[in-house]
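Here is the structure we will look at.
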Amino acid sequence: MTARMKTTRIPSDKDAAMIASIDSIPRVSVQDLFTALRLFQGAASTTLENLRLRFCLARNAKRKGDYLFATAVIVAGEMQKLGLTEAGALPKATSKAHESSKDKIIKVTERGQELLRLFLTDRMVAFDKLFARMYAAHRNLQTFVGVIQDHNLTAPIATSVKDHIGAAYGSGSALADAVAESEFNVEDPLRLLSQRLGRGLTDEERAEIKTGIEKLLEDSKMSAASEEGTEFAKNFLAKLNEVVVPAIFRADGLPFDYRTHRTIWSLGEEFKLWGTITSHPDYNGTVVYRTASIILTPDKEQVQELVFDSGLKNTGENFLSKLYAAYQKLQALRKSNSVSAWELRSVFCLDNHCQQSVFNRLFEKDYAGSETYHLHFEIQQSKSRHEKPLRAGQRSVGKILMTKEQQ
């Protein structure tokens, strides 16, 4: 195998300023972009209203009023940024702008027609071309690709009040009361965060996070006194992640907000270029890891080639042998013959750099085992808030025991 040079792109001060001030990756999906592009199949132009209605149809959602108008505006803006359409100045992505702007004309460009023709004949190549255009258009995406090509990222996303904020706050109501009465201890989440990361916080991280939490507490006092406890806790956790995650990733050269991180993670999963796992026993958080090789031009400004070396074909070779290796690793760690299906999937995906969707399809095909490998299941007893079920036929698997025949 030919060794490849690392392609980490270190942002300059100028780059960082650009990222912070003008570059923003909109919350669009790859599916929405191609849904919009297909409106130009046989037509040179369309309107924002037609785009909104197409999204409603694709989601089997209501069409009345201004539902999904904001999505139509955001997608139209991204398509224009990528050079696929021309529309001039677009309205704000708000309900108020719907009536006056719904007839806004959007015209497809030659570049857009070319991508549409490619999509209709070879979708995989069209997806690759779209990613290349998005990479070239978004400095944030370029910066992220440079980092994820070099190493995995662990995001300490807070999902539990008791485990991630403080044991003293055993319920949403207890958290709300502490915030409303100015009795919240800022040191609790800082200590738990350090434990989750497995290291001490740097002075810069600690200062930024502490300041952010103190501001969050001040801004949340009124809602803490008026909102129902569970709802308050949910909103507080979401806002806490907006403080913590950007601060932790800043040292990796990723100077953007939590929403941008989440958008980039989702885009990578749609393009099958990187993935996320949340149940790996070695990490107390969400792990973001690459699942393909992104070959860049020497100046790192353009995508030269995408290499999917962990897809169904490659990962499927000796799948049960690879699964057994992951099982043995997890079994040794947990000191149990039966292991969590979610944890086994996470360990396998990280070890083999594959998407969870790839694992799911291969497992669905081979869950009956073979003459050498035997799998035994316990049915899933409770649903996970963060994990999709692992299916074996019509069953959702909770625990897995795996054995190997001696040769």
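The chains in the structure tokens are called A, B, ... from first to last as shown; in each chain the residues are counted from 1, and the ligands are counted from 1 in the order shown.
Residues in contact range of segment 119-132 of chain A, defined as at most 7 Å between only C-alpha atoms, with sequence neighbours fewer than 3 positions away removed, read Leu115, Leu116, Tyr135, Ala136, Phe271, Gln302 and Val303 of chain A.
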Hey, can you spit out that residue selection with all heavy atoms as a PDB file, in the first residue's frame?
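Writing the result to out17.pdb gives the following:
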ATOM      1  N   LEU A 115     -24.490  18.823 -13.580  1.00  0.00           N
ATOM      2  CA  LEU A 115     -24.595  17.966 -12.398  1.00  0.00           C
ATOM      3  C   LEU A 115     -25.895  17.163 -12.425  1.00  0.00           C
ATOM      4  O   LEU A 115     -25.912  15.989 -12.032  1.00  0.00           O
ATOM      5  CB  LEU A 115     -24.518  18.812 -11.125  1.00  0.00           C
ATOM      6  CG  LEU A 115     -24.518  18.023  -9.809  1.00  0.00           C
ATOM      7  CD1 LEU A 115     -23.309  17.080  -9.741  1.00  0.00           C
ATOM      8  CD2 LEU A 115     -24.515  18.979  -8.609  1.00  0.00           C
ATOM      9  N   LEU A 116     -26.979  17.762 -12.921  1.00  0.00           N
ATOM     10  CA  LEU A 116     -28.252  17.054 -13.021  1.00  0.00           C
ATOM     11  C   LEU A 116     -28.136  15.884 -13.993  1.00  0.00           C
ATOM     12  O   LEU A 116     -28.609  14.775 -13.701  1.00  0.00           O
ATOM     13  CB  LEU A 116     -29.353  18.017 -13.462  1.00  0.00           C
ATOM     14  CG  LEU A 116     -30.730  17.385 -13.725  1.00  0.00           C
ATOM     15  CD1 LEU A 116     -31.255  16.683 -12.467  1.00  0.00           C
ATOM     16  CD2 LEU A 116     -31.713  18.446 -14.202  1.00  0.00           C
ATOM     17  N   TYR A 135     -16.842  21.491  -0.964  1.00  0.00           N
ATOM     18  CA  TYR A 135     -15.523  21.648  -0.366  1.00  0.00           C
ATOM     19  C   TYR A 135     -14.854  22.933  -0.859  1.00  0.00           C
ATOM     20  O   TYR A 135     -14.293  23.707  -0.075  1.00  0.00           O
ATOM     21  CB  TYR A 135     -14.651  20.438  -0.705  1.00  0.00           C
ATOM     22  CG  TYR A 135     -13.227  20.546  -0.202  1.00  0.00           C
ATOM     23  CD1 TYR A 135     -12.883  20.099   1.066  1.00  0.00           C
ATOM     24  CD2 TYR A 135     -12.231  21.116  -1.000  1.00  0.00           C
ATOM     25  CE1 TYR A 135     -11.572  20.219   1.530  1.00  0.00           C
ATOM     26  CE2 TYR A 135     -10.922  21.234  -0.544  1.00  0.00           C
ATOM     27  CZ  TYR A 135     -10.603  20.790   0.730  1.00  0.00           C
ATOM     28  OH  TYR A 135      -9.314  20.919   1.176  1.00  0.00           O
ATOM     29  N   ALA A 136     -14.904  23.165  -2.165  1.00  0.00           N
ATOM     30  CA  ALA A 136     -14.266  24.344  -2.739  1.00  0.00           C
ATOM     31  C   ALA A 136     -14.940  25.636  -2.288  1.00  0.00           C
ATOM     32  O   ALA A 136     -14.293  26.682  -2.198  1.00  0.00           O
ATOM     33  CB  ALA A 136     -14.279  24.254  -4.266  1.00  0.00           C
ATOM     34  N   PHE A 271     -22.469  11.882   2.563  1.00  0.00           N
ATOM     35  CA  PHE A 271     -21.505  11.647   1.487  1.00  0.00           C
ATOM     36  C   PHE A 271     -20.683  10.380   1.718  1.00  0.00           C
ATOM     37  O   PHE A 271     -19.862  10.006   0.871  1.00  0.00           O
ATOM     38  CB  PHE A 271     -20.558  12.845   1.348  1.00  0.00           C
ATOM     39  CG  PHE A 271     -21.160  14.042   0.663  1.00  0.00           C
ATOM     40  CD1 PHE A 271     -21.306  15.245   1.338  1.00  0.00           C
ATOM     41  CD2 PHE A 271     -21.566  13.969  -0.659  1.00  0.00           C
ATOM     42  CE1 PHE A 271     -21.844  16.362   0.703  1.00  0.00           C
ATOM     43  CE2 PHE A 271     -22.105  15.079  -1.310  1.00  0.00           C
ATOM     44  CZ  PHE A 271     -22.249  16.270  -0.626  1.00  0.00           C
ATOM     45  N   GLN A 302      -8.845  22.110  -3.635  1.00  0.00           N
ATOM     46  CA  GLN A 302      -9.804  21.349  -4.434  1.00  0.00           C
ATOM     47  C   GLN A 302      -9.711  19.861  -4.085  1.00  0.00           C
ATOM     48  O   GLN A 302      -8.667  19.377  -3.654  1.00  0.00           O
ATOM     49  CB  GLN A 302      -9.519  21.526  -5.943  1.00  0.00           C
ATOM     50  CG  GLN A 302      -9.516  22.960  -6.439  1.00  0.00           C
ATOM     51  CD  GLN A 302     -10.909  23.539  -6.547  1.00  0.00           C
ATOM     52  OE1 GLN A 302     -11.878  22.798  -6.736  1.00  0.00           O
ATOM     53  NE2 GLN A 302     -11.019  24.853  -6.441  1.00  0.00           N
ATOM     54  N   VAL A 303     -10.822  19.163  -4.306  1.00  0.00           N
ATOM     55  CA  VAL A 303     -10.827  17.709  -4.156  1.00  0.00           C
ATOM     56  C   VAL A 303     -10.380  17.085  -5.470  1.00  0.00           C
ATOM     57  O   VAL A 303     -10.944  17.367  -6.527  1.00  0.00           O
ATOM     58  CB  VAL A 303     -12.223  17.186  -3.779  1.00  0.00           C
ATOM     59  CG1 VAL A 303     -12.256  15.658  -3.786  1.00  0.00           C
ATOM     60  CG2 VAL A 303     -12.640  17.718  -2.412  1.00  0.00           C
TER      61      VAL A 303
END
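The closest residue to Ala155 of chain A, picked from A:Tyr283, A:Phe34, A:Phe348, A:Trp274 and counting only C-alpha atoms, is A:Tyr283.
Minimum atom-to-atom distances from A:Thr202, A:Thr47, A:Thr260, A:Ser171 to Phe144 of chain A were compared using only C-alpha atoms, and the lowest value belongs to A:Thr260.
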Write out as number ranges by chain all residues of segment 195-402 of chain A that DSSP puts in strand (DSSP E or B) for this structure's backbone. A: 274-277, 286-290, 293-296, 303-307, 339-340, 373-379, 390-392, 395-402
Report as a VMD selection string: the residues of segment 8-228 of chain A with a DSSP assignment of alpha helix (DSSP H), based on the backbone of this structure. chain A and resid 13 to 21 30 to 37 48 to 58 69 to 81 98 to 101 110 to 121 123 to 137 139 to 148 161 to 164 172 to 180 187 to 197 203 to 226
Fewer than 3 positions away in the same chain doesn't count, so skip those; otherwise give me all residues within 10 Å of Arg259 of chain A, counting only C-alpha atoms, as a PDB file with N, CA, C and O atoms, in the first residue's frame.
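Listing of result18.pdb after writing:
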ATOM      1  N   SER A  24     -20.369  30.149   6.486  1.00  0.00           N
ATOM      2  CA  SER A  24     -21.321  29.386   7.278  1.00  0.00           C
ATOM      3  C   SER A  24     -21.910  28.313   6.393  1.00  0.00           C
ATOM      4  O   SER A  24     -22.406  28.596   5.309  1.00  0.00           O
ATOM      5  N   ILE A  25     -21.836  27.073   6.848  1.00  0.00           N
ATOM      6  CA  ILE A  25     -22.426  25.984   6.089  1.00  0.00           C
ATOM      7  C   ILE A  25     -23.885  25.872   6.502  1.00  0.00           C
ATOM      8  O   ILE A  25     -24.188  25.606   7.666  1.00  0.00           O
ATOM      9  N   PRO A  26     -24.806  26.111   5.583  1.00  0.00           N
ATOM     10  CA  PRO A  26     -26.225  26.093   5.948  1.00  0.00           C
ATOM     11  C   PRO A  26     -26.689  24.691   6.295  1.00  0.00           C
ATOM     12  O   PRO A  26     -26.093  23.696   5.883  1.00  0.00           O
ATOM     13  N   ARG A  27     -27.759  24.614   7.061  1.00  0.00           N
ATOM     14  CA  ARG A  27     -28.298  23.309   7.446  1.00  0.00           C
ATOM     15  C   ARG A  27     -29.088  22.729   6.284  1.00  0.00           C
ATOM     16  O   ARG A  27     -30.323  22.721   6.270  1.00  0.00           O
ATOM     17  N   ASN A 241     -23.933  22.473  25.255  1.00  0.00           N
ATOM     18  CA  ASN A 241     -23.108  21.930  24.163  1.00  0.00           C
ATOM     19  C   ASN A 241     -22.596  23.036  23.253  1.00  0.00           C
ATOM     20  O   ASN A 241     -21.492  22.937  22.700  1.00  0.00           O
ATOM     21  N   GLU A 242     -23.376  24.088  23.088  1.00  0.00           N
ATOM     22  CA  GLU A 242     -22.944  25.217  22.264  1.00  0.00           C
ATOM     23  C   GLU A 242     -21.753  25.939  22.895  1.00  0.00           C
ATOM     24  O   GLU A 242     -20.974  26.598  22.189  1.00  0.00           O
ATOM     25  N   VAL A 245     -18.515  22.265  23.204  1.00  0.00           N
ATOM     26  CA  VAL A 245     -17.930  21.609  22.032  1.00  0.00           C
ATOM     27  C   VAL A 245     -16.999  22.536  21.243  1.00  0.00           C
ATOM     28  O   VAL A 245     -15.880  22.142  20.900  1.00  0.00           O
ATOM     29  N   PRO A 246     -17.413  23.771  20.914  1.00  0.00           N
ATOM     30  CA  PRO A 246     -16.477  24.653  20.190  1.00  0.00           C
ATOM     31  C   PRO A 246     -15.188  24.918  20.976  1.00  0.00           C
ATOM     32  O   PRO A 246     -14.107  24.996  20.385  1.00  0.00           O
ATOM     33  N   PHE A 256     -15.210  27.036  14.744  1.00  0.00           N
ATOM     34  CA  PHE A 256     -16.593  27.364  14.415  1.00  0.00           C
ATOM     35  C   PHE A 256     -17.555  26.821  15.453  1.00  0.00           C
ATOM     36  O   PHE A 256     -17.175  26.080  16.363  1.00  0.00           O
ATOM     37  N   ARG A 262     -22.186  20.164  13.845  1.00  0.00           N
ATOM     38  CA  ARG A 262     -23.224  19.160  13.632  1.00  0.00           C
ATOM     39  C   ARG A 262     -23.603  19.051  12.154  1.00  0.00           C
ATOM     40  O   ARG A 262     -23.843  17.958  11.628  1.00  0.00           O
ATOM     41  N   THR A 263     -23.666  20.189  11.483  1.00  0.00           N
ATOM     42  CA  THR A 263     -23.984  20.189  10.056  1.00  0.00           C
ATOM     43  C   THR A 263     -22.920  19.445   9.260  1.00  0.00           C
ATOM     44  O   THR A 263     -23.232  18.631   8.377  1.00  0.00           O
ATOM     45  N   ILE A 264     -21.659  19.699   9.577  1.00  0.00           N
ATOM     46  CA  ILE A 264     -20.563  19.035   8.874  1.00  0.00           C
ATOM     47  C   ILE A 264     -20.587  17.536   9.134  1.00  0.00           C
ATOM     48  O   ILE A 264     -20.382  16.723   8.218  1.00  0.00           O
ATOM     49  N   TRP A 265     -20.853  17.127  10.371  1.00  0.00           N
ATOM     50  CA  TRP A 265     -20.926  15.687  10.668  1.00  0.00           C
ATOM     51  C   TRP A 265     -22.016  15.021   9.835  1.00  0.00           C
ATOM     52  O   TRP A 265     -21.811  13.942   9.281  1.00  0.00           O
TER      53      TRP A 265
END
Just want the 10 Å neighbourhood of Gly316 of chain A, counted on only C-alpha atoms, with same-chain residues fewer than 6 positions away dropped. Output as a ChimeraX atom specification. /A:310,322,358-359,361-363,365-366
